[in-house]
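Shown next, in structure tokens, is the structure this report addresses.
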Amino acid sequence: MILSVRDLKVSFRTNDGLVRAIDGVSFDLEESEILGVVGESGSGKTVSLLAVMGLITDPNASIEGSIRYKGRELVGLPARELRRLRGNEIAMIFQDPMTALTPVYTIGWQIAEQIRAHQNISKAKAMVRVEELLAEVNFPNPHEAMSRYPHQLSGGMRQRAVIAMALSCNPALLVADEPTTALDVTVQAGILDLVRKLRATHKSAVVFITHDMGVVSELADRVMVMYAGRVVERGSRMELFSDPRHPYTRALLGSIPPLTGEKPRRLPAIPGSPPSLLRLPQGCAFGPRCPVHYEPCVTDRPELGIGTHAAACFRVAQA
Amino acid sequence: MIYAILRRFGQMLFVMFGISVIVFLIFFATPGADPAARIAGRNATAEVLEAVRHNFGFDRPLYVQYVKMMEKIFVTGDLTSFVNRGWKVVPAVMDSIPVTLSLVFGAAILWVVVSIIIGIVAAATRDSWLDKLLMALGLLGISMPVYWLGEVMNLITQSRYHDSWAFSWVPPLGYKNFSDDPKGWFLTLVIPWITLAILYIGIYGRVLRAAIIESLQEDFIRTARAKGLSETRILLRHALRTSLIAFVTLFGLDFGALVGGSALLTEVVFGLHGIGKLTYDALQNLDLPMIMATVMYASVFVVIANAVVDFVYILLDPRLRTS
Ligand SMILES: Nc1ncnc2c1ncn2[C@@H]1O[C@H](COP(=O)(O)OP(=O)(O)OP(=O)(O)O)[C@@H](O)[C@H]1O
Ligand code: SF4
Ligand SMILES: [Mg+2]
């Protein structure tokens, strides 16, 4: 087991009250497994994995629960220790490659900076490694690319550079937060290929965050569906796609955008919108949008339950 | 590259030309102005007046007057004001330049170094008591009028506490040439440097703090954290580095203006006969040739400062380099 998250809760104190962005999320990740995390905007995908990375810097945040990486508890770990893991054993790729790189340094410099933060090697050796990495992520001319500034590269190329950076220290765990959302479809397919290849060559486990069921069906071994800060369904890809149980998952599956052809705008095809985290309904958070809700849904909150394939829905428990 | 530099140089010349024409028109061609009488000086004889009129071309079209004026400033260097007293303008400007440059350069080094330190410390400890203290001091520095501050400095270091151990080293007011007496040059300038720098330390410290804090919200800072870099490195190599652009803009403007003569108040309080003082006196006396010369001098520096800022921009921000 690489990663084991138990009952993770993240809340933010805001002027309007306490925002419970993550409310009791649990999941496990095996070695070289790809976990797809899906959900609409605001469902807590990013926040839950930022918590894993120890990257929630907001002083108004409070984090509870347990995050174990290779058996080691990360919640409450001193910043120094966490820093040693971050970028080294656990790497993260962010959504927007346009803004993810510091504009004033070259790609090569930025990747070498990460290598040298964790390994005691000379600048020249680091640069050799950078060139290998850029070749690995399919830069046509890696040597030349090293001296490029971010603004001189296309979005897809920048994202490749970011991936090369994330891989620079051979992480055991790679968190990719919607790495393809900002890119167009053909570029997206290339990046997905890359992730798949890297899982094979580097044996990294991958958490792949997306709002796109199509991507999940392409890539993930197991899937976790999030809604309003909670996990509403989890299961293997097969289980989830052949036998979706939660009404929300079914709705998401009804809204798979095609992987080829024109990509629809990023809109939930599900009627209604997610509830405000400040005013969650008392019962099932999906209740107001659920086509099959009934009496218990209004007063009680459905639990996820145990087992590899589970859904937090009274209809499912009843069946 | 060469082409870009040449073009830039051409632009600089064009701007200076524009400034000189405008100033010339304001002072020499406003209806009712009688430049010949002004230049000849009070109680000048009719012969002197006539000589001036001929010499400056006031009996000929405007463009001839302009060309003659520029010739006297830049080519022959024999521009004279108050002809009956025979005061040469160009040497007066030349003598003032080192004074102003010494004052402004020293103060600039001081304010840049101190405000960068303050900006970094305040941003790193934002919302702490230290941050609040530094920002309050900065505000105090900004709100103290420089003339008043200079007077207080003088009161303390020249008279009230001059005999105490702390200030007995402070020499009397005035400027000493660096080549004659480097130590004296330094000592006379210490208090003026501090006085002039305090205002800018306040402004720049606050500006830099705000820019760093804004930078710290950027996505690439999150990437830097995800890379496992130390907070110090993130602050200095990523946040500070990308915040310097706002800082440099401000610096170019202020530095150009100060060298061009707006250090006037500091120069006056500390008895430094620099460009600011010279310009001020020229305006007081409506000393037209001197006004013309000091304005030309100031425009040279402002234009150079702008060019240097643009150059530093390109150094700082690769996005501005054309590939
Ligand atoms: N610093 C913060 N202060 C207050 N609320 C926050 C903060 N950060 C995140 N949130 C809230 O937490 C919730 C979850 O946000 P998160 O970014 O994890 O969503 P997401 O699932 O990643 O959405 P997206 O698909 O748009 O990236 C959102 O409602 C957001 O408003
Ligand atoms: S618990 Fe009720 S409201 Fe919630 S998803 Fe299931 S049926 Fe719908
Ligand atoms: Mg997100």
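By order of appearance in the structure tokens: chains A, B, ..., then residues from 1 within every chain, and ligands from 1 in the order shown.
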Hey, which residues sit close to ligand 3? Say within 10 Å, counting only C-alpha atoms and all ligand atoms, and write them as a list in words.
Gly39, Glu40, Ser41, Gly42, Ser43, Gly44, Lys45, Thr46, Val47, Ser48, Leu49, Leu50, Phe94, Gln95, Asp177, Glu178, Ile209, Thr210 and His211 of chain A
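Near Glu214 (chain B), within a cut-off of 9 Å and counting only C-alpha atoms, sit the residues Arg209, Ala239 and Ser243 of chain B, with same-chain residues fewer than 5 positions away left out.
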Closest contacts (chain A/ligand 2, max 8 Å, only C-alpha atoms and all ligand atoms) as JSON lines:
```
{"residue": "A:His246", "atom": "CA", "partner": "ligand 2", "partner_atom_place_in_ligand_line": "5 (S)", "distance": 6.0}
{"residue": "A:Pro247", "atom": "CA", "partner": "ligand 2", "partner_atom_place_in_ligand_line": "5 (S)", "distance": 5.3}
{"residue": "A:Tyr248", "atom": "CA", "partner": "ligand 2", "partner_atom_place_in_ligand_line": "5 (S)", "distance": 6.5}
{"residue": "A:Gly283", "atom": "CA", "partner": "ligand 2", "partner_atom_place_in_ligand_line": "4 (Fe)", "distance": 7.8}
{"residue": "A:Cys284", "atom": "CA", "partner": "ligand 2", "partner_atom_place_in_ligand_line": "4 (Fe)", "distance": 4.5}
{"residue": "A:Ala285", "atom": "CA", "partner": "ligand 2", "partner_atom_place_in_ligand_line": "4 (Fe)", "distance": 6.6}
{"residue": "A:Phe286", "atom": "CA", "partner": "ligand 2", "partner_atom_place_in_ligand_line": "4 (Fe)", "distance": 5.1}
{"residue": "A:Gly287", "atom": "CA", "partner": "ligand 2", "partner_atom_place_in_ligand_line": "3 (S)", "distance": 3.5}
{"residue": "A:Pro288", "atom": "CA", "partner": "ligand 2", "partner_atom_place_in_ligand_line": "3 (S)", "distance": 7.0}
{"residue": "A:Arg289", "atom": "CA", "partner": "ligand 2", "partner_atom_place_in_ligand_line": "3 (S)", "distance": 7.6}
{"residue": "A:Cys290", "atom": "CA", "partner": "ligand 2", "partner_atom_place_in_ligand_line": "8 (Fe)", "distance": 4.5}
{"residue": "A:Pro291", "atom": "CA", "partner": "ligand 2", "partner_atom_place_in_ligand_line": "8 (Fe)", "distance": 6.7}
{"residue": "A:Val292", "atom": "CA", "partner": "ligand 2", "partner_atom_place_in_ligand_line": "7 (S)", "distance": 5.1}
{"residue": "A:His293", "atom": "CA", "partner": "ligand 2", "partner_atom_place_in_ligand_line": "7 (S)", "distance": 4.0}
{"residue": "A:Tyr294", "atom": "CA", "partner": "ligand 2", "partner_atom_place_in_ligand_line": "2 (Fe)", "distance": 6.0}
{"residue": "A:Glu295", "atom": "CA", "partner": "ligand 2", "partner_atom_place_in_ligand_line": "2 (Fe)", "distance": 8.0}
{"residue": "A:Pro296", "atom": "CA", "partner": "ligand 2", "partner_atom_place_in_ligand_line": "2 (Fe)", "distance": 7.0}
{"residue": "A:Cys297", "atom": "CA", "partner": "ligand 2", "partner_atom_place_in_ligand_line": "2 (Fe)", "distance": 4.3}
{"residue": "A:Val298", "atom": "CA", "partner": "ligand 2", "partner_atom_place_in_ligand_line": "3 (S)", "distance": 7.3}
{"residue": "A:Arg301", "atom": "CA", "partner": "ligand 2", "partner_atom_place_in_ligand_line": "1 (S)", "distance": 7.2}
{"residue": "A:Pro302", "atom": "CA", "partner": "ligand 2", "partner_atom_place_in_ligand_line": "1 (S)", "distance": 5.7}
{"residue": "A:Ala312", "atom": "CA", "partner": "ligand 2", "partner_atom_place_in_ligand_line": "1 (S)", "distance": 6.7}
{"residue": "A:Cys313", "atom": "CA", "partner": "ligand 2", "partner_atom_place_in_ligand_line": "6 (Fe)", "distance": 3.6}
{"residue": "A:Phe314", "atom": "CA", "partner": "ligand 2", "partner_atom_place_in_ligand_line": "1 (S)", "distance": 4.5}
{"residue": "A:Arg315", "atom": "CA", "partner": "ligand 2", "partner_atom_place_in_ligand_line": "7 (S)", "distance": 5.1}
{"residue": "A:Val316", "atom": "CA", "partner": "ligand 2", "partner_atom_place_in_ligand_line": "6 (Fe)", "distance": 7.1}
```
Distance limit 7 Å, atoms considered: only C-alpha atoms. Which chain A residues sit that close to chain B? Return them as a VMD selection string.
chain A and resid 83 to 84 86 to 87 91 to 92 99 to 102 104 114 117 151
Write the residues of the preceding selection, restricted to all heavy atoms, as a short mmCIF file (atom, residue, chain, number, x, y, z; two decimals), in the first residue's frame.
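As a result, part_11.cif now contains:
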```cif
data_model
loop_
_atom_site.label_atom_id
_atom_site.label_comp_id
_atom_site.auth_asym_id
_atom_site.auth_seq_id
_atom_site.Cartn_x
_atom_site.Cartn_y
_atom_site.Cartn_z
N ARG A 83 8.71 18.30 3.27
CA ARG A 83 9.37 18.86 2.11
C ARG A 83 10.28 17.84 1.46
O ARG A 83 10.48 17.81 0.26
CB ARG A 83 10.17 20.08 2.54
CG ARG A 83 10.28 21.11 1.48
CD ARG A 83 10.53 22.46 2.06
NE ARG A 83 11.76 22.50 2.80
CZ ARG A 83 11.93 23.15 3.93
NH1 ARG A 83 10.91 23.80 4.46
NH2 ARG A 83 13.08 23.16 4.54
N ARG A 84 10.85 16.98 2.31
CA ARG A 84 11.74 15.96 1.77
C ARG A 84 10.98 14.96 0.90
O ARG A 84 11.51 14.43 -0.06
CB ARG A 84 12.44 15.25 2.93
CG ARG A 84 13.83 14.78 2.58
CD ARG A 84 14.61 14.40 3.81
NE ARG A 84 14.98 15.54 4.61
CZ ARG A 84 15.26 15.46 5.92
NH1 ARG A 84 15.15 14.32 6.55
NH2 ARG A 84 15.64 16.53 6.57
N ARG A 86 7.98 15.72 -0.62
CA ARG A 86 7.33 16.46 -1.70
C ARG A 86 8.30 16.71 -2.85
O ARG A 86 9.40 17.19 -2.64
CB ARG A 86 6.87 17.79 -1.14
CG ARG A 86 5.54 18.22 -1.64
CD ARG A 86 5.30 19.63 -1.23
NE ARG A 86 4.84 19.76 0.15
CZ ARG A 86 5.18 20.77 0.94
NH1 ARG A 86 6.00 21.70 0.53
NH2 ARG A 86 4.71 20.84 2.16
N GLY A 87 7.88 16.37 -4.03
CA GLY A 87 8.75 16.59 -5.18
C GLY A 87 9.73 15.46 -5.37
O GLY A 87 10.32 15.30 -6.42
N ALA A 91 4.90 13.55 -6.19
CA ALA A 91 4.98 14.70 -7.09
C ALA A 91 3.59 15.07 -7.54
O ALA A 91 2.67 14.25 -7.53
CB ALA A 91 5.84 14.37 -8.30
N MET A 92 3.42 16.32 -7.92
CA MET A 92 2.10 16.79 -8.32
C MET A 92 2.18 17.59 -9.62
O MET A 92 3.10 18.37 -9.82
CB MET A 92 1.48 17.63 -7.21
CG MET A 92 0.03 17.98 -7.46
SD MET A 92 -0.85 18.32 -5.91
CE MET A 92 -2.53 18.56 -6.50
N THR A 99 0.33 28.63 -16.23
CA THR A 99 0.76 29.42 -15.07
C THR A 99 1.56 28.60 -14.07
O THR A 99 1.95 29.11 -13.03
CB THR A 99 -0.48 29.99 -14.35
OG1 THR A 99 -1.37 28.91 -14.07
CG2 THR A 99 -1.19 31.00 -15.21
N ALA A 100 1.79 27.32 -14.38
CA ALA A 100 2.41 26.45 -13.38
C ALA A 100 3.92 26.59 -13.32
O ALA A 100 4.55 26.11 -12.40
CB ALA A 100 2.04 25.00 -13.64
N LEU A 101 4.50 27.25 -14.32
CA LEU A 101 5.96 27.40 -14.31
C LEU A 101 6.33 28.85 -14.07
O LEU A 101 5.64 29.76 -14.53
CB LEU A 101 6.52 26.93 -15.67
CG LEU A 101 6.40 25.43 -15.92
CD1 LEU A 101 6.58 25.10 -17.38
CD2 LEU A 101 7.40 24.66 -15.08
N THR A 102 7.42 29.06 -13.36
CA THR A 102 7.87 30.43 -13.09
C THR A 102 8.33 31.06 -14.40
O THR A 102 9.20 30.51 -15.08
CB THR A 102 9.02 30.40 -12.07
OG1 THR A 102 8.58 29.65 -10.94
CG2 THR A 102 9.37 31.80 -11.61
N VAL A 104 10.19 33.42 -15.38
CA VAL A 104 11.50 34.04 -15.63
C VAL A 104 12.66 33.06 -15.68
O VAL A 104 13.81 33.48 -15.83
CB VAL A 104 11.80 35.12 -14.57
CG1 VAL A 104 10.78 36.24 -14.66
CG2 VAL A 104 11.82 34.54 -13.18
N GLN A 114 14.61 21.29 -9.10
CA GLN A 114 13.95 20.25 -8.32
C GLN A 114 14.89 19.08 -8.04
O GLN A 114 14.94 18.57 -6.93
CB GLN A 114 12.70 19.76 -9.04
CG GLN A 114 12.09 18.56 -8.35
CD GLN A 114 10.65 18.35 -8.73
OE1 GLN A 114 10.07 19.11 -9.50
NE2 GLN A 114 10.06 17.31 -8.19
N ALA A 117 17.26 19.96 -5.42
CA ALA A 117 16.68 20.13 -4.09
C ALA A 117 16.68 18.81 -3.33
O ALA A 117 16.63 18.79 -2.10
CB ALA A 117 15.25 20.68 -4.20
N HIS A 151 7.07 30.70 -21.73
CA HIS A 151 6.20 31.38 -22.71
C HIS A 151 6.55 31.01 -24.14
O HIS A 151 5.78 31.31 -25.05
CB HIS A 151 6.27 32.88 -22.52
CG HIS A 151 7.57 33.49 -22.99
ND1 HIS A 151 8.70 33.49 -22.21
CD2 HIS A 151 7.91 34.07 -24.15
CE1 HIS A 151 9.68 34.06 -22.90
NE2 HIS A 151 9.24 34.43 -24.06
#
```
Excluding Val52 (chain A) and residues on its chain fewer than 4 positions from it, collect all residues at most 12 Å away from it, counting only C-alpha atoms, and give them as a PyMOL selection string.
(chain A and resi 3-6+8-10+25-27+45-48+56+63-69+73-77+82+85-86+90-92+173-175+207) or (chain B and resi 226)
Nearby residues (only C-alpha atoms) at most 12 Å from Ile115 (chain A), same-chain spacing under 2 positions excluded, as a ChimeraX atom specification
/A:84,86-89,108-113,117-130,133,164-171 /B:227-229
Just to be explicit: take each residue in the selection above, keep C-alpha atoms, and write the result as a PDB file, in the first residue's frame.
```
ATOM      1  CA  ARG A  84      11.741  15.958   1.770  1.00  0.00           C
ATOM      2  CA  ARG A  86       7.335  16.455  -1.700  1.00  0.00           C
ATOM      3  CA  GLY A  87       8.754  16.588  -5.185  1.00  0.00           C
ATOM      4  CA  ASN A  88      10.878  13.601  -4.359  1.00  0.00           C
ATOM      5  CA  GLU A  89       8.585  10.697  -3.488  1.00  0.00           C
ATOM      6  CA  GLY A 108      15.894  23.207 -17.843  1.00  0.00           C
ATOM      7  CA  TRP A 109      16.706  25.444 -14.905  1.00  0.00           C
ATOM      8  CA  GLN A 110      13.394  24.707 -13.217  1.00  0.00           C
ATOM      9  CA  ILE A 111      13.678  20.953 -13.593  1.00  0.00           C
ATOM     10  CA  ALA A 112      17.293  20.970 -12.444  1.00  0.00           C
ATOM     11  CA  GLU A 113      16.254  23.031  -9.438  1.00  0.00           C
ATOM     12  CA  ALA A 117      16.676  20.135  -4.094  1.00  0.00           C
ATOM     13  CA  HIS A 118      16.609  16.404  -3.396  1.00  0.00           C
ATOM     14  CA  GLN A 119      19.825  14.971  -4.735  1.00  0.00           C
ATOM     15  CA  ASN A 120      23.336  16.041  -4.056  1.00  0.00           C
ATOM     16  CA  ILE A 121      24.586  16.255  -7.624  1.00  0.00           C
ATOM     17  CA  SER A 122      26.399  18.846  -9.691  1.00  0.00           C
ATOM     18  CA  LYS A 123      24.636  21.284 -11.965  1.00  0.00           C
ATOM     19  CA  ALA A 124      26.140  19.644 -15.033  1.00  0.00           C
ATOM     20  CA  LYS A 125      24.950  16.177 -13.993  1.00  0.00           C
ATOM     21  CA  ALA A 126      21.503  17.559 -13.240  1.00  0.00           C
ATOM     22  CA  MET A 127      21.377  19.062 -16.720  1.00  0.00           C
ATOM     23  CA  VAL A 128      22.219  15.735 -18.294  1.00  0.00           C
ATOM     24  CA  ARG A 129      19.353  14.216 -16.351  1.00  0.00           C
ATOM     25  CA  VAL A 130      17.036  17.032 -17.463  1.00  0.00           C
ATOM     26  CA  LEU A 133      13.710  13.499 -18.863  1.00  0.00           C
ATOM     27  CA  ALA A 164       9.146  15.785 -16.781  1.00  0.00           C
ATOM     28  CA  MET A 165       9.708  17.899 -13.699  1.00  0.00           C
ATOM     29  CA  ALA A 166       7.325  15.787 -11.641  1.00  0.00           C
ATOM     30  CA  LEU A 167       9.148  12.638 -12.743  1.00  0.00           C
ATOM     31  CA  SER A 168      12.610  14.007 -12.141  1.00  0.00           C
ATOM     32  CA  CYS A 169      13.054  12.252  -8.824  1.00  0.00           C
ATOM     33  CA  ASN A 170      11.213   9.041  -9.707  1.00  0.00           C
ATOM     34  CA  PRO A 171       8.217   9.609  -7.445  1.00  0.00           C
TER      35      PRO A 171
ATOM     36  CA  LYS B 227       8.854  20.554  -5.856  1.00  0.00           C
ATOM     37  CA  GLY B 228       9.889  20.451  -2.223  1.00  0.00           C
ATOM     38  CA  LEU B 229      11.863  23.701  -2.226  1.00  0.00           C
TER      39      LEU B 229
END
```
From region 192-248 of chain A, collect each residue whose DSSP state is strand (DSSP E) and return the set as an NGL selection string.
:A and (205-210 or 222-227 or 230-236)
Could you take the residues named above and write them with N, CA and C atoms, as a tab-separated table (two decimals), in the first residue's frame?
```tsv
chain	number	residue	atom	x	y	z
A	205	ALA	N	2.52	5.08	-8.67
A	205	ALA	CA	1.07	5.09	-8.52
A	205	ALA	C	0.60	6.48	-8.92
A	206	VAL	N	-0.58	6.56	-9.53
A	206	VAL	CA	-1.06	7.85	-10.01
A	206	VAL	C	-2.46	8.14	-9.48
A	207	VAL	N	-2.64	9.33	-8.94
A	207	VAL	CA	-4.00	9.79	-8.68
A	207	VAL	C	-4.32	10.79	-9.77
A	208	PHE	N	-5.33	10.49	-10.55
A	208	PHE	CA	-5.64	11.32	-11.70
A	208	PHE	C	-6.97	12.02	-11.48
A	209	ILE	N	-6.90	13.33	-11.23
A	209	ILE	CA	-8.12	14.08	-10.97
A	209	ILE	C	-8.69	14.58	-12.28
A	210	THR	N	-9.99	14.45	-12.45
A	210	THR	CA	-10.61	14.96	-13.66
A	210	THR	C	-12.10	15.13	-13.43
A	222	ARG	N	-8.97	2.14	-10.81
A	222	ARG	CA	-10.09	2.28	-9.89
A	222	ARG	C	-10.56	3.73	-9.91
A	223	VAL	N	-11.79	3.92	-9.49
A	223	VAL	CA	-12.40	5.24	-9.60
A	223	VAL	C	-13.04	5.64	-8.29
A	224	MET	N	-12.97	6.93	-7.99
A	224	MET	CA	-13.62	7.46	-6.80
A	224	MET	C	-14.42	8.67	-7.27
A	225	VAL	N	-15.72	8.65	-6.99
A	225	VAL	CA	-16.57	9.75	-7.42
A	225	VAL	C	-16.86	10.65	-6.23
A	226	MET	N	-16.61	11.94	-6.38
A	226	MET	CA	-16.82	12.85	-5.25
A	226	MET	C	-17.98	13.80	-5.52
A	227	TYR	N	-18.69	14.11	-4.43
A	227	TYR	CA	-19.76	15.10	-4.52
A	227	TYR	C	-19.81	15.89	-3.22
A	230	ARG	N	-17.56	14.76	-0.35
A	230	ARG	CA	-17.60	13.36	0.11
A	230	ARG	C	-17.43	12.41	-1.06
A	231	VAL	N	-17.03	11.18	-0.72
A	231	VAL	CA	-16.98	10.16	-1.77
A	231	VAL	C	-18.37	9.55	-1.86
A	232	VAL	N	-18.98	9.57	-3.05
A	232	VAL	CA	-20.31	8.99	-3.16
A	232	VAL	C	-20.30	7.60	-3.79
A	233	GLU	N	-19.23	7.30	-4.54
A	233	GLU	CA	-19.13	5.94	-5.05
A	233	GLU	C	-17.68	5.62	-5.35
A	234	ARG	N	-17.31	4.37	-5.07
A	234	ARG	CA	-15.97	3.95	-5.47
A	234	ARG	C	-16.05	2.53	-6.00
A	235	GLY	N	-15.10	2.18	-6.84
A	235	GLY	CA	-15.08	0.84	-7.39
A	235	GLY	C	-14.04	0.75	-8.48
A	236	SER	N	-13.85	-0.46	-9.01
A	236	SER	CA	-12.92	-0.60	-10.11
A	236	SER	C	-13.56	0.05	-11.34
```
Residues within 9 Å of region 136-149 of chain B, please, as JSON, numbers by chain. Count only C-alpha atoms; anything in the same chain fewer than 2 positions from it doesn't count.
{"B": [131, 132, 133, 134, 151, 152, 153, 154, 195, 196, 198, 199, 200, 201, 202, 203, 204, 205, 206, 265, 266, 268, 269]}
Using DSSP on the backbone coordinates, identify the residues of region 48-220 of chain B assigned to alpha helix (DSSP H); present them as number ranges by chain.
B: 48-55, 62-70, 89-124, 129-143, 146-154, 182-215, 219-220
Looking at only C-alpha atoms, which of A:Asp221, A:Ala311, A:Ser276, A:Ala251 is the one that sits closest to Val37 (chain A)?
A:Asp221
Shortest interatomic distance to Asp7 (chain A) - which of A:Ile163, A:Asp96, A:Leu304, A:Gln282, counting only C-alpha atoms:
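Among the listed residues, the smallest separation from Asp7 (chain A) belongs to A:Leu304.
Those residues that approach Glu132 (chain A) to within 9 Å, counting only C-alpha atoms, are Met127, Val137, Pro142 and His143 of chain A; same-chain residues fewer than 5 positions away are not listed.
You will find CA of Trp111 (chain B) at 9.0 Å from CA of Trp193 (chain B).
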Write out as a PyMOL selection string each polymer residue whose atoms come within 7 Å of Tyr149 (chain A), counting only C-alpha atoms; drop sequence neighbours fewer than 2 positions from it.
chain A and resi 103+105-107+147+151-152
For ligand 1, which residue among A:Ile306, A:Ala220, A:Ala228, A:Ala182 is the nearest when counting only C-alpha atoms and all ligand atoms?
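Closest to ligand 1, using only C-alpha atoms and all ligand atoms: A:Ala228.
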Choose the residue, out of B:Gln217, B:Pro91, B:Leu253, B:Tyr66, that has the smallest atom-to-atom separation from ligand 1; count only C-alpha atoms and all ligand atoms.
B:Gln217
